[in-house]
$ cat input-v2.txt   # compact mmCIF, C-alpha atoms and all ligand atoms
# COMPACT_ATOMS: atom_id res chain seq x y z
CA MET U 246 109.97 66.50 84.95
CA GLN U 247 106.21 66.98 84.51
CA SER U 248 105.32 70.00 82.39
CA HIS U 249 103.05 72.73 83.72
CA ASP U 250 100.85 75.40 82.14
CA ALA U 251 101.42 77.91 84.93
CA ILE U 252 104.03 78.52 87.61
CA VAL U 253 103.19 80.54 90.71
CA ILE U 254 106.20 81.88 92.61
CA GLY U 255 105.54 82.02 96.36
CA ALA U 256 103.16 80.01 98.53
CA GLY U 257 101.67 82.77 100.66
CA VAL U 258 97.90 83.19 100.76
CA ILE U 259 98.03 85.15 97.49
CA GLY U 260 100.00 82.49 95.60
CA LEU U 261 98.15 79.52 97.09
CA SER U 262 94.66 80.95 96.42
CA LEU U 263 95.64 81.77 92.86
CA ALA U 264 97.28 78.41 92.20
CA ARG U 265 94.19 76.56 93.40
CA GLN U 266 91.94 78.72 91.23
CA LEU U 267 94.14 78.36 88.12
CA GLN U 268 94.21 74.60 88.57
CA LEU U 269 90.40 74.53 88.94
CA ALA U 270 90.20 76.60 85.73
CA GLY U 271 92.07 73.87 83.88
CA LEU U 272 95.71 74.98 84.04
CA LYS U 273 98.19 72.43 85.36
CA THR U 274 99.84 74.60 88.02
CA LEU U 275 103.10 74.42 89.96
CA VAL U 276 103.87 76.53 93.03
CA ILE U 277 107.53 77.12 93.88
CA GLU U 278 108.20 78.28 97.44
CA LYS U 279 111.60 79.14 98.88
CA HIS U 280 110.74 78.11 102.46
CA GLU U 281 107.55 76.41 103.66
CA PRO U 282 104.05 77.35 102.45
CA ALA U 283 102.43 80.31 104.24
CA SER U 284 105.40 80.90 106.52
CA GLU U 285 106.01 84.61 105.88
CA SER U 286 103.64 87.60 105.92
CA SER U 287 100.65 85.28 105.67
CA TYR U 288 101.79 83.53 108.88
CA ALA U 289 102.44 86.81 110.71
CA ALA U 290 99.11 88.48 109.90
CA GLY U 291 96.34 89.33 112.32
CA GLY U 292 93.59 88.03 110.08
CA MET U 293 91.15 90.93 110.04
CA ILE U 294 88.94 91.21 106.99
CA ALA U 295 88.84 94.94 107.55
CA SER U 296 86.74 95.95 104.58
CA CYS U 297 85.14 98.90 106.44
CA ASP U 298 88.42 100.49 107.46
CA PRO U 299 88.91 104.14 106.45
CA HIS U 300 92.56 103.45 105.49
CA ILE U 301 91.52 101.51 102.38
CA PRO U 302 92.24 103.69 99.32
CA ASP U 303 89.16 104.54 97.23
CA CYS U 304 90.25 102.55 94.18
CA LEU U 305 90.70 99.44 96.36
CA LYS U 306 87.32 99.67 98.11
CA PRO U 307 85.32 97.75 95.48
CA LEU U 308 87.82 94.87 95.61
CA ALA U 309 87.84 94.90 99.41
CA ALA U 310 84.04 94.79 99.56
CA ALA U 311 83.83 92.01 96.96
CA SER U 312 86.52 89.94 98.68
CA ALA U 313 84.88 90.31 102.09
CA GLN U 314 81.63 89.15 100.55
CA MET U 315 83.34 86.14 98.94
CA TYR U 316 84.94 85.01 102.20
CA PRO U 317 82.23 82.86 103.82
CA GLU U 318 81.79 80.71 100.71
CA PHE U 319 85.54 80.66 100.01
CA VAL U 320 86.18 79.40 103.56
CA ARG U 321 83.33 76.90 103.42
CA VAL U 322 84.72 75.29 100.26
CA ILE U 323 88.40 75.18 101.24
CA GLU U 324 87.51 73.87 104.71
CA LEU U 325 85.62 71.05 103.02
CA GLU U 326 88.50 70.34 100.63
CA SER U 327 91.06 70.29 103.44
CA ASP U 328 88.97 68.86 106.29
CA GLU U 329 90.29 71.58 108.62
CA ALA U 330 88.73 74.73 110.11
CA ILE U 331 89.91 78.33 109.80
CA ASP U 332 88.20 79.99 112.81
CA LEU U 333 86.25 82.45 110.69
CA ARG U 334 84.63 84.73 113.26
CA ARG U 335 81.58 86.79 112.35
CA THR U 336 81.23 88.79 115.58
CA GLY U 337 82.17 92.11 114.00
CA THR U 338 84.49 94.97 114.89
CA ILE U 339 84.20 97.80 117.39
CA ALA U 340 86.29 100.74 116.22
CA TRP U 341 87.33 104.20 117.31
CA PHE U 342 88.87 106.16 114.46
CA ALA U 343 91.37 109.00 114.45
CA HIS U 344 90.08 112.52 113.75
CA ASP U 345 86.77 112.54 111.87
CA ASP U 346 87.44 109.36 109.89
CA GLU U 347 84.32 107.52 108.85
CA PRO U 348 84.00 103.82 108.05
CA GLY U 349 84.27 102.83 104.42
CA CYS U 350 81.13 100.67 104.32
CA GLU U 351 77.49 101.64 104.43
CA SER U 352 76.36 99.02 106.91
CA ALA U 353 78.58 100.39 109.71
CA ARG U 354 76.74 102.16 112.53
CA ARG U 355 77.47 104.26 115.59
CA LEU U 356 77.31 102.52 118.97
CA SER U 357 75.72 104.20 121.96
CA ILE U 358 77.53 103.79 125.29
CA ASP U 359 74.71 101.50 126.49
CA GLU U 360 75.00 99.25 123.48
CA LEU U 361 78.79 99.21 123.75
CA LYS U 362 78.52 98.13 127.40
CA ARG U 363 76.00 95.46 126.50
CA ILE U 364 77.88 93.87 123.59
CA GLU U 365 81.43 94.17 124.98
CA PRO U 366 81.23 94.78 128.77
CA LEU U 367 85.00 94.68 129.34
CA LEU U 368 85.70 97.71 127.15
CA PRO U 369 85.80 101.18 128.75
CA SER U 370 82.73 103.32 128.11
CA ARG U 371 84.36 105.66 125.60
CA PRO U 372 82.09 107.61 123.26
CA GLY U 373 82.53 107.63 119.48
CA ALA U 374 82.56 103.87 118.87
CA TRP U 375 81.45 102.34 115.58
CA PHE U 376 80.20 98.83 114.93
CA LEU U 377 81.61 97.42 111.68
CA PRO U 378 80.11 94.25 110.18
CA GLU U 379 83.50 92.64 109.52
CA ARG U 380 84.88 89.14 109.93
CA SER U 381 88.25 87.84 111.10
CA LEU U 382 90.06 84.52 110.79
CA ASP U 383 93.21 82.70 111.84
CA PRO U 384 95.69 83.29 108.97
CA ARG U 385 97.91 80.38 110.08
CA ALA U 386 94.96 78.04 109.75
CA LEU U 387 94.09 79.71 106.43
CA GLY U 388 97.63 78.99 105.19
CA ARG U 389 97.43 75.31 106.19
CA VAL U 390 93.96 74.93 104.72
CA LEU U 391 94.89 76.65 101.45
CA THR U 392 97.97 74.44 101.08
CA LYS U 393 95.82 71.33 101.47
CA ALA U 394 93.07 72.71 99.23
CA ALA U 395 95.56 73.58 96.48
CA LYS U 396 97.01 70.07 96.62
CA HIS U 397 93.49 68.65 96.68
CA ALA U 398 92.76 70.54 93.45
CA GLY U 399 95.88 69.00 91.88
CA VAL U 400 98.42 71.80 92.29
CA ASP U 401 102.06 70.66 92.58
CA ILE U 402 104.07 72.42 95.29
CA VAL U 403 107.87 72.49 95.44
CA THR U 404 109.27 73.86 98.72
CA GLY U 405 112.76 74.91 99.80
CA SER U 406 113.53 76.25 96.35
CA ALA U 407 114.00 79.95 95.56
CA VAL U 408 113.23 81.28 92.11
CA ALA U 409 116.14 83.47 90.98
CA GLU U 410 115.07 84.42 87.49
CA ILE U 411 112.24 84.32 84.98
CA LEU U 412 113.17 82.22 81.98
CA THR U 413 112.36 83.81 78.63
CA ALA U 414 112.15 82.47 75.10
CA THR U 415 111.53 83.88 71.65
CA GLY U 416 108.86 82.83 69.19
CA ALA U 417 105.34 81.49 69.55
CA PRO U 418 104.99 79.87 73.00
CA GLN U 419 102.99 76.77 73.89
CA LEU U 420 100.20 78.51 75.73
CA PRO U 421 97.47 76.51 77.41
CA SER U 422 94.06 76.34 75.84
CA LEU U 423 92.36 78.32 78.60
CA GLY U 424 92.03 81.46 76.55
CA ASN U 425 93.67 84.16 74.54
CA CYS U 426 96.77 85.41 76.33
CA GLY U 427 97.52 88.09 73.77
CA ASN U 428 99.91 88.41 70.90
CA VAL U 429 102.94 86.54 72.13
CA THR U 430 105.18 85.96 69.17
CA ALA U 431 108.20 87.91 70.48
CA VAL U 432 110.10 87.40 73.73
CA HIS U 433 107.85 85.84 76.35
CA ALA U 434 108.00 84.08 79.71
CA ALA U 435 108.91 80.42 79.39
CA GLY U 436 109.41 79.32 83.01
CA VAL U 437 111.66 79.97 85.98
CA ILE U 438 115.19 79.20 87.09
CA THR U 439 115.87 78.19 90.69
CA SER U 440 119.13 77.27 92.36
CA HIS U 441 118.26 73.61 91.79
CA ALA U 442 116.43 73.39 88.48
CA THR U 443 114.70 75.02 85.55
CA TYR U 444 110.91 74.72 85.31
CA HIS U 445 109.02 75.40 82.09
CA ALA U 446 105.57 77.01 81.70
CA GLY U 447 104.07 79.64 79.38
CA ILE U 448 102.55 81.51 82.31
CA VAL U 449 104.52 82.67 85.35
CA VAL U 450 102.98 84.66 88.19
CA ASN U 451 105.15 86.45 90.72
CA CYS U 452 103.43 86.11 94.12
CA ALA U 453 106.63 86.39 96.14
CA GLY U 454 105.27 89.06 98.50
CA ALA U 455 107.88 91.47 99.90
CA TRP U 456 110.57 89.55 97.99
CA ALA U 457 108.89 89.86 94.58
CA GLY U 458 111.41 92.52 93.54
CA GLN U 459 114.35 90.13 93.99
CA ILE U 460 113.30 88.02 91.01
CA ARG U 461 114.72 89.21 87.71
CA THR U 462 113.94 88.52 84.10
CA ASN U 463 116.73 87.66 81.69
CA GLY U 464 114.76 89.26 78.87
CA PRO U 465 114.11 92.91 78.09
CA PRO U 466 113.62 95.33 81.00
CA LEU U 467 110.16 95.58 82.53
CA PRO U 468 108.79 99.10 82.55
CA PHE U 469 109.74 100.11 86.07
CA SER U 470 111.97 103.09 85.53
CA ARG U 471 110.58 105.71 87.87
CA ASP U 472 113.62 106.36 90.03
CA SER U 473 116.63 104.37 88.96
CA GLY U 474 116.64 103.96 85.23
CA GLU U 475 115.34 100.81 83.61
CA ARG U 476 114.76 97.99 86.05
CA ASN U 477 113.56 94.51 85.49
CA GLU U 478 112.06 93.67 88.82
CA ILE U 479 108.64 94.18 90.40
CA PRO U 480 108.85 97.22 92.73
CA THR U 481 107.91 95.77 96.10
CA ARG U 482 109.34 96.74 99.50
CA PRO U 483 109.08 95.09 102.92
CA ILE U 484 107.03 96.83 105.61
CA LYS U 485 107.64 95.23 108.98
CA GLY U 486 104.84 94.50 111.42
CA GLN U 487 105.28 93.23 114.99
CA MET U 488 102.49 91.52 116.93
CA VAL U 489 101.99 89.89 120.29
CA SER U 490 99.57 87.23 121.50
CA LEU U 491 98.12 86.90 125.01
CA VAL U 492 96.70 83.88 126.80
CA PRO U 493 94.77 83.65 130.09
CA ALA U 494 97.09 83.97 133.09
CA SER U 495 95.78 80.85 134.78
CA ASP U 496 95.91 77.34 133.36
CA ALA U 497 92.15 77.00 133.85
CA PRO U 498 90.40 75.76 130.72
CA GLN U 499 89.23 78.70 128.65
CA ARG U 500 85.80 78.74 127.05
CA GLY U 501 86.68 81.44 124.57
CA PRO U 502 88.22 84.89 124.40
CA ILE U 503 87.36 87.43 127.12
CA ILE U 504 86.70 89.97 124.35
CA GLN U 505 84.45 88.80 121.53
CA HIS U 506 84.82 91.55 118.93
CA VAL U 507 87.82 92.75 117.00
CA VAL U 508 88.61 96.13 118.56
CA ARG U 509 90.44 98.87 116.65
CA THR U 510 91.70 102.16 118.07
CA PRO U 511 94.18 104.54 116.44
CA ASP U 512 96.91 102.99 118.65
CA VAL U 513 96.29 99.25 118.56
CA TYR U 514 94.03 96.51 117.31
CA ILE U 515 92.80 93.58 119.36
CA ILE U 516 91.87 90.33 117.63
CA PRO U 517 90.24 87.50 119.59
CA ARG U 518 90.61 83.87 118.57
CA SER U 519 87.99 81.29 119.47
CA ASP U 520 90.54 79.25 121.49
CA GLY U 521 90.87 82.13 123.99
CA ARG U 522 94.00 83.83 122.62
CA ILE U 523 93.99 87.58 122.04
CA LEU U 524 96.31 89.17 119.47
CA LEU U 525 97.54 92.75 119.66
CA GLY U 526 98.92 94.52 116.62
CA ALA U 527 100.66 95.88 114.87
CA THR U 528 103.59 98.14 114.11
CA VAL U 529 104.18 99.55 110.63
CA GLU U 530 107.95 99.92 110.16
CA ASP U 531 110.21 100.68 107.22
CA ALA U 532 113.07 98.44 108.41
CA GLY U 533 114.18 96.57 105.30
CA PHE U 534 114.17 92.78 105.57
CA ASP U 535 114.74 92.85 109.35
CA LYS U 536 112.29 90.50 111.08
CA ARG U 537 113.66 90.77 114.60
CA VAL U 538 111.23 91.27 117.45
CA ASP U 539 112.02 94.27 119.66
CA PRO U 540 111.06 93.69 123.35
CA ASP U 541 110.42 97.42 123.97
CA THR U 542 108.06 97.59 121.00
CA ILE U 543 106.22 94.51 122.23
CA GLN U 544 105.85 96.06 125.70
CA LYS U 545 104.41 99.22 124.10
CA LEU U 546 101.92 97.18 122.08
CA HIS U 547 100.96 95.28 125.24
CA GLN U 548 100.45 98.54 127.11
CA ALA U 549 98.39 100.01 124.24
CA GLY U 550 96.21 96.88 124.36
CA ILE U 551 95.68 97.26 128.12
CA THR U 552 94.82 100.95 127.72
CA ALA U 553 92.21 100.05 125.08
CA ALA U 554 90.84 97.12 127.12
CA PRO U 555 92.05 97.09 130.76
CA ALA U 556 90.86 93.49 131.27
CA LEU U 557 93.77 92.36 129.08
CA ALA U 558 96.05 93.07 132.08
CA LEU U 559 94.75 89.74 133.44
CA MET U 560 96.34 87.89 130.55
CA ARG U 561 100.00 87.04 129.97
CA ILE U 562 102.18 87.40 126.89
CA HIS U 563 102.40 84.07 125.10
CA ASP U 564 104.25 84.87 121.88
CA ALA U 565 105.56 87.78 119.83
CA TRP U 566 106.62 87.86 116.19
CA ALA U 567 107.33 90.06 113.20
CA GLY U 568 106.45 89.71 109.53
CA LEU U 569 107.13 91.63 106.34
CA ARG U 570 104.11 93.01 104.51
CA PRO U 571 104.53 93.35 100.77
CA GLY U 572 104.49 97.11 100.19
CA THR U 573 104.82 99.02 96.91
CA PRO U 574 105.86 102.64 96.23
CA ASP U 575 102.20 103.76 96.48
CA ASN U 576 101.07 100.92 98.77
CA LEU U 577 98.53 99.68 96.26
CA PRO U 578 98.80 96.09 95.07
CA ILE U 579 100.27 95.11 91.72
CA ILE U 580 97.74 92.86 90.01
CA GLY U 581 98.08 92.12 86.31
CA GLY U 582 100.46 91.51 83.45
CA THR U 583 103.89 92.96 82.83
CA SER U 584 105.55 94.06 79.61
CA LEU U 585 106.89 90.52 79.27
CA PRO U 586 104.08 88.43 77.74
CA GLY U 587 103.15 85.50 79.95
CA TYR U 588 104.72 87.07 83.05
CA PHE U 589 102.23 88.36 85.63
CA ALA U 590 102.47 89.88 89.09
CA SER U 591 100.10 89.49 92.00
CA THR U 592 101.73 91.06 95.00
CA GLY U 593 102.04 94.25 97.05
CA HIS U 594 98.86 93.64 99.03
CA TYR U 595 100.48 95.47 101.95
CA ARG U 596 98.16 95.49 104.99
CA ASP U 597 95.23 93.73 103.33
CA GLY U 598 96.51 90.57 101.64
CA ILE U 599 94.49 88.18 103.79
CA MET U 600 91.33 90.14 103.04
CA LEU U 601 92.09 90.48 99.33
CA ALA U 602 93.18 86.88 98.61
CA PRO U 603 89.86 85.52 97.23
CA ILE U 604 89.12 88.43 94.88
CA THR U 605 92.74 88.61 93.71
CA ALA U 606 92.73 84.93 92.80
CA HIS U 607 89.44 85.38 90.97
CA LEU U 608 90.56 88.44 88.97
CA MET U 609 93.98 87.03 88.11
CA THR U 610 92.38 83.82 86.87
CA GLN U 611 90.05 85.84 84.66
CA LEU U 612 92.96 87.89 83.32
CA ILE U 613 95.26 84.93 82.67
CA GLY U 614 92.37 83.11 81.02
CA GLY U 615 91.93 85.96 78.57
CA HIS U 616 88.63 87.16 80.07
CA ILE U 617 87.75 90.72 81.02
CA PRO U 618 88.13 90.96 84.79
CA ASP U 619 85.05 91.85 86.84
CA PHE U 620 86.83 94.98 88.12
CA ASP U 621 89.01 97.56 86.42
CA LEU U 622 92.59 96.56 87.20
CA ALA U 623 94.17 99.71 85.68
CA PRO U 624 94.95 101.28 89.11
CA PHE U 625 96.86 98.12 90.02
CA SER U 626 98.78 97.75 86.78
CA ALA U 627 102.56 97.43 87.01
CA ALA U 628 102.69 100.03 84.22
CA ARG U 629 101.81 102.82 86.70
CA PHE U 630 105.45 102.81 87.81
CA THR U 631 106.80 103.72 84.37
C1 LIG O 701 101.91 91.93 111.48
C2 LIG O 701 101.02 91.84 110.26
C3 LIG O 701 99.65 91.90 110.42
C4 LIG O 701 98.82 91.81 109.29
N1 LIG O 701 97.48 91.80 109.48
C5 LIG O 701 96.66 91.66 108.41
C6 LIG O 701 95.26 91.59 108.58
O1 LIG O 701 94.75 91.64 109.71
N2 LIG O 701 94.46 91.47 107.47
C7 LIG O 701 95.00 91.41 106.22
O2 LIG O 701 94.23 91.32 105.25
N3 LIG O 701 96.33 91.44 106.03
C8 LIG O 701 97.17 91.57 107.09
N4 LIG O 701 98.52 91.63 106.92
C9 LIG O 701 99.04 91.65 105.54
C10 LIG O 701 99.09 90.25 104.95
O3 LIG O 701 99.76 89.41 105.85
C11 LIG O 701 99.81 90.28 103.62
O4 LIG O 701 99.29 91.29 102.77
C12 LIG O 701 99.64 88.94 102.91
O5 LIG O 701 99.97 87.88 103.78
C13 LIG O 701 100.50 88.89 101.68
O6 LIG O 701 100.45 87.59 101.18
P1 LIG O 701 101.49 87.13 100.09
O7 LIG O 701 101.15 85.74 99.72
O8 LIG O 701 101.58 88.16 99.01
O9 LIG O 701 102.91 87.24 100.84
P2 LIG O 701 103.65 86.19 101.80
O10 LIG O 701 102.72 85.55 102.74
O11 LIG O 701 104.83 86.90 102.37
O12 LIG O 701 104.11 85.07 100.79
C14 LIG O 701 105.14 85.27 99.86
C15 LIG O 701 105.83 83.94 99.71
O13 LIG O 701 106.79 84.01 98.65
C16 LIG O 701 107.91 83.25 99.03
N5 LIG O 701 109.05 83.70 98.23
C17 LIG O 701 109.70 84.88 98.32
N6 LIG O 701 110.68 84.93 97.40
C18 LIG O 701 110.65 83.76 96.72
C19 LIG O 701 111.42 83.21 95.67
N7 LIG O 701 112.43 83.90 95.11
N8 LIG O 701 111.14 81.97 95.22
C20 LIG O 701 110.12 81.25 95.77
N9 LIG O 701 109.36 81.73 96.80
C21 LIG O 701 109.62 82.97 97.25
C22 LIG O 701 108.07 83.57 100.52
O14 LIG O 701 108.87 82.59 101.17
C23 LIG O 701 106.62 83.56 100.96
O15 LIG O 701 106.21 82.29 101.41
C24 LIG O 701 99.38 91.68 108.01
C25 LIG O 701 100.76 91.58 107.86
C26 LIG O 701 101.58 91.66 108.98
C27 LIG O 701 103.08 91.52 108.80
$ encode --input "input-v2.txt" --output "structure tokens"
Amino acid sequence: MQSHDAIVIGAGVIGLSLARQLQLAGLKTLVIEKHEPASESSYAAGGMIASCDPHIPDCLKPLAAASAQMYPEFVRVIELESDEAIDLRRTGTIAWFAHDDEPGCESARRLSIDELKRIEPLLPSRPGAWFLPERSLDPRALGRVLTKAAKHAGVDIVTGSAVAEILTATGAPQLPSLGNCGNVTAVHAAGVITSHATYHAGIVVNCAGAWAGQIRTNGPPLPFSRDSGERNEIPTRPIKGQMVSLVPASDAPQRGPIIQHVVRTPDVYIIPRSDGRILLGATVEDAGFDKRVDPDTIQKLHQAGITAAPALALMRIHDAWAGLRPGTPDNLPIIGGTSLPGYFASTGHYRDGIMLAPITAHLMTQLIGGHIPDFDLAPFSAARFT
């Protein structure tokens, strides 16, 4: 068995982006994925890079803005490395917000009815629209491209293997030469245990999304004791989202989507893809690990889409699916170390994991390398749950 410097648990967009970046920073990196790469939340996502959205908490706004800014170059490079395209669309978003909500970015602007009609003629002439300079992409393509790009960088990926436990050891660990990982002479992470094998590495990063909390350490408890005494798992929880995709009703070749912009209303969002598909999303449900699609819910989403853009009635339902967003007790991500030296978490990105993937990979690589991260990660520390 080849030895590795770092093990990343979970091959969603968060784990894959980080693994690629760690490998490029000089750490021999292994990703362990229990199913197939990018087959969970990252596969289910809509793909909006919604950095102007009012729902983004204040402490997350700087990361959202930085990640959105990183995206064009990030996509350019990984498309080159993988020889595949991601359908990064730069058309922008037209949004109506609830109440008096205002966009969270300065370059957003109000749209007059005339301008709305001109730039998106198939939308009803409703006042109060904003134009948001946001991008969107196809997360399924992003998952494929990131898998290829990670392999291209030299990352090893093991699939069909679930990590059950973090392996710990006592004494001075063999840490890679990337940087100072702190004073690690006591109990520290030493690898992972799966149902098939044990893998050794001085750095382990839990990127297991909504399932991150199912992975335990066999060392001392981690400091997550808020509600149920001492626990040794990362406090994530699944938040279900259902979506539906529409295609043109006729079989005539389609030159592109009938709506060009991402459209967001308080009831639904509409995401066009360049191949002509239109996605409608998404529910936000506290339903445990249930990923079943509910036909009534899909019909309601479809109806909400038609209310927002009546021209969508000309399209037919092509597919419907559900995914589990990685939520946390306060719905902020967990990005940073844990009380177990060498064991890190990068998860809980909830509704924004596609958007936040590039900046998260960047900051985690800085942190693991012993550098001061470009942004203050204190609000995202696992220690906030103690
Ligand atoms: C319907 C919906 C719409 C969304 N729309 C958007 C959007 O428009 N924009 C946006 O930014 N975000 C969106 N999101 C959120 C986004 O999808 C997530 O935040 C993001 O995909 C999280 O990525 P991840 O890698 O952490 O998790 P995941 O993609 O879920 O990856 C986690 C991986 O870990 C693996 N794993 C779990 N347990 C283990 C284990 N024990 N051992 C090994 N592997 C394990 C899983 O199999 C999985 O592959 C949406 C989500 C949903 C559900």
$ closest_atom_pairs --input "input-v2.txt" --of "chain U" --to "ligand LIG 701 (chain O)" --cutoff "7 Å" --atoms "only C-alpha atoms and all ligand atoms" --output "Markdown table"
| residue | atom | partner | partner_atom | distance |
| --- | --- | --- | --- | --- |
| U:Ile254 | CA | O:LIG701 | C20 | 5.1 |
| U:Gly255 | CA | O:LIG701 | O13 | 3.3 |
| U:Ala256 | CA | O:LIG701 | O15 | 4.8 |
| U:Gly257 | CA | O:LIG701 | O7 | 3.2 |
| U:Val258 | CA | O:LIG701 | O7 | 4.3 |
| U:Ile259 | CA | O:LIG701 | O7 | 3.9 |
| U:Gly260 | CA | O:LIG701 | O7 | 5.4 |
| U:Ile277 | CA | O:LIG701 | C20 | 5.2 |
| U:Glu278 | CA | O:LIG701 | N9 | 3.7 |
| U:Lys279 | CA | O:LIG701 | N9 | 4.0 |
| U:His280 | CA | O:LIG701 | O14 | 5.0 |
| U:Glu281 | CA | O:LIG701 | O15 | 6.4 |
| U:Pro282 | CA | O:LIG701 | O15 | 5.5 |
| U:Ala283 | CA | O:LIG701 | O15 | 5.1 |
| U:Ser284 | CA | O:LIG701 | O15 | 5.4 |
| U:Glu285 | CA | O:LIG701 | O11 | 4.4 |
| U:Ser286 | CA | O:LIG701 | O11 | 3.8 |
| U:Ser287 | CA | O:LIG701 | O5 | 3.3 |
| U:Tyr288 | CA | O:LIG701 | O10 | 6.5 |
| U:Ala289 | CA | O:LIG701 | C27 | 5.1 |
| U:Ala290 | CA | O:LIG701 | C4 | 3.4 |
| U:Gly291 | CA | O:LIG701 | O1 | 3.8 |
| U:Gly292 | CA | O:LIG701 | O1 | 3.8 |
| U:Met293 | CA | O:LIG701 | O1 | 3.7 |
| U:Ile294 | CA | O:LIG701 | N2 | 5.5 |
| U:Ala295 | CA | O:LIG701 | N2 | 6.6 |
| U:Ser406 | CA | O:LIG701 | C20 | 6.1 |
| U:Ala407 | CA | O:LIG701 | N8 | 3.5 |
| U:Val408 | CA | O:LIG701 | N8 | 3.8 |
| U:Ala409 | CA | O:LIG701 | N7 | 5.6 |
| U:Cys452 | CA | O:LIG701 | O8 | 5.6 |
| U:Ala453 | CA | O:LIG701 | O13 | 3.5 |
| U:Gly454 | CA | O:LIG701 | O9 | 3.8 |
| U:Ala455 | CA | O:LIG701 | O11 | 6.0 |
| U:Trp456 | CA | O:LIG701 | N6 | 4.7 |
| U:Ala457 | CA | O:LIG701 | N6 | 6.0 |
| U:Gln459 | CA | O:LIG701 | N7 | 6.6 |
| U:Ile460 | CA | O:LIG701 | N7 | 5.9 |
| U:Lys485 | CA | O:LIG701 | C27 | 5.9 |
| U:Gly486 | CA | O:LIG701 | C1 | 3.9 |
| U:Gln487 | CA | O:LIG701 | C1 | 5.0 |
| U:Met488 | CA | O:LIG701 | C1 | 5.5 |
| U:Gly526 | CA | O:LIG701 | C1 | 6.5 |
| U:Ala527 | CA | O:LIG701 | C1 | 5.4 |
| U:Thr528 | CA | O:LIG701 | C1 | 7.0 |
| U:Ala567 | CA | O:LIG701 | C1 | 6.0 |
| U:Gly568 | CA | O:LIG701 | C27 | 3.9 |
| U:Leu569 | CA | O:LIG701 | C27 | 4.7 |
| U:Arg570 | CA | O:LIG701 | C27 | 4.7 |
| U:Pro571 | CA | O:LIG701 | O4 | 6.0 |
| U:Thr592 | CA | O:LIG701 | O8 | 5.0 |
| U:Gly593 | CA | O:LIG701 | O8 | 6.4 |
| U:His594 | CA | O:LIG701 | O4 | 4.4 |
| U:Tyr595 | CA | O:LIG701 | O4 | 4.4 |
| U:Arg596 | CA | O:LIG701 | C9 | 4.0 |
| U:Asp597 | CA | O:LIG701 | O2 | 3.2 |
| U:Gly598 | CA | O:LIG701 | O4 | 3.1 |
| U:Ile599 | CA | O:LIG701 | O2 | 3.5 |
| U:Met600 | CA | O:LIG701 | O2 | 3.8 |
| U:Leu601 | CA | O:LIG701 | O2 | 6.4 |
$ residues_around --input "input-v2.txt" --residues "segment 613-620 of chain U" --least-positions-apart "4" --cutoff "12 Å" --atoms "all atoms listed in the file" --output "PyMOL selection string"
chain U and resi 250-252+263-264+266-272+304-312+420-428+447-450+580-583+586-591+604-609+624-625
$ atom_distance --input "input-v2.txt" --atom1 "atom CA of His249 of chain U" --atom2 "atom CA of Ala434 of chain U"
13.0 Å
$ atom_distance --input "input-v2.txt" --atom1 "atom CA of Val492 of chain U" --atom2 "atom CA of Arg561 of chain U"
5.6 Å
$ closest_residue --input "input-v2.txt" --among "U:Gly337, U:Pro369, U:Gly399, U:Pro578" --to "Ala554 of chain U" --atoms "all atoms listed in the file"
U:Pro369
$ closest_residue --input "input-v2.txt" --among "U:Arg380, U:Arg385, U:Lys362, U:His506" --to "Ile523 of chain U" --atoms "all atoms listed in the file"
U:His506
$ residues_around --input "input-v2.txt" --residues "Ile551 of chain U" --least-positions-apart "2" --cutoff "12 Å" --atoms "all atoms listed in the file" --output "PyMOL selection string"
chain U and resi 367-369+491+508+510+512-515+523-525+544-549+553-562
$ closest_residue --input "input-v2.txt" --among "U:Leu391, U:Ile411, U:Ile339, U:Ala446" --to "Val320 of chain U" --atoms "all atoms listed in the file"
U:Leu391
$ residues_near_point --input "input-v2.txt" --point "(94.0, 79.5, 113.5)" --cutoff "8 Å" --atoms "all atoms listed in the file" --output "number ranges by chain"
U: 330-332, 382-387, 518
$ write_last_selection --input "input-v2.txt" --atoms "C-alpha atoms" --output "compact mmCIF listing (two decimals), in the frame of the given file"
# COMPACT_ATOMS: atom_id res chain seq x y z
CA ALA U 330 88.73 74.73 110.11
CA ILE U 331 89.91 78.33 109.80
CA ASP U 332 88.20 79.99 112.81
CA LEU U 382 90.06 84.52 110.79
CA ASP U 383 93.21 82.70 111.84
CA PRO U 384 95.69 83.29 108.97
CA ARG U 385 97.91 80.38 110.08
CA ALA U 386 94.96 78.04 109.75
CA LEU U 387 94.09 79.71 106.43
CA ARG U 518 90.61 83.87 118.57
$ atom_distance --input "input-v2.txt" --atom1 "atom CA of Lys393 of chain U" --atom2 "atom CA of Glu329 of chain U"
9.0 Å
$ decode --input "input-v2.txt" --residues "segment 571-585 of chain U" --atoms "C-alpha atoms" --output "CSV table (one decimal), in the first residue's frame"
chain,number,residue,atom,x,y,z
U,571,PRO,CA,-24.7,19.2,4.5
U,572,GLY,CA,-26.3,21.4,7.2
U,573,THR,CA,-24.9,22.2,10.7
U,574,PRO,CA,-26.7,23.4,13.9
U,575,ASP,CA,-26.2,27.0,12.8
U,576,ASN,CA,-26.0,26.4,9.1
U,577,LEU,CA,-22.5,27.8,8.8
U,578,PRO,CA,-19.8,25.6,7.4
U,579,ILE,CA,-17.2,23.9,9.5
U,580,ILE,CA,-13.8,24.8,8.1
U,581,GLY,CA,-10.7,24.1,10.1
U,582,GLY,CA,-9.0,21.9,12.6
U,583,THR,CA,-10.5,19.8,15.4
U,584,SER,CA,-9.2,19.1,18.9
U,585,LEU,CA,-7.5,16.0,17.5
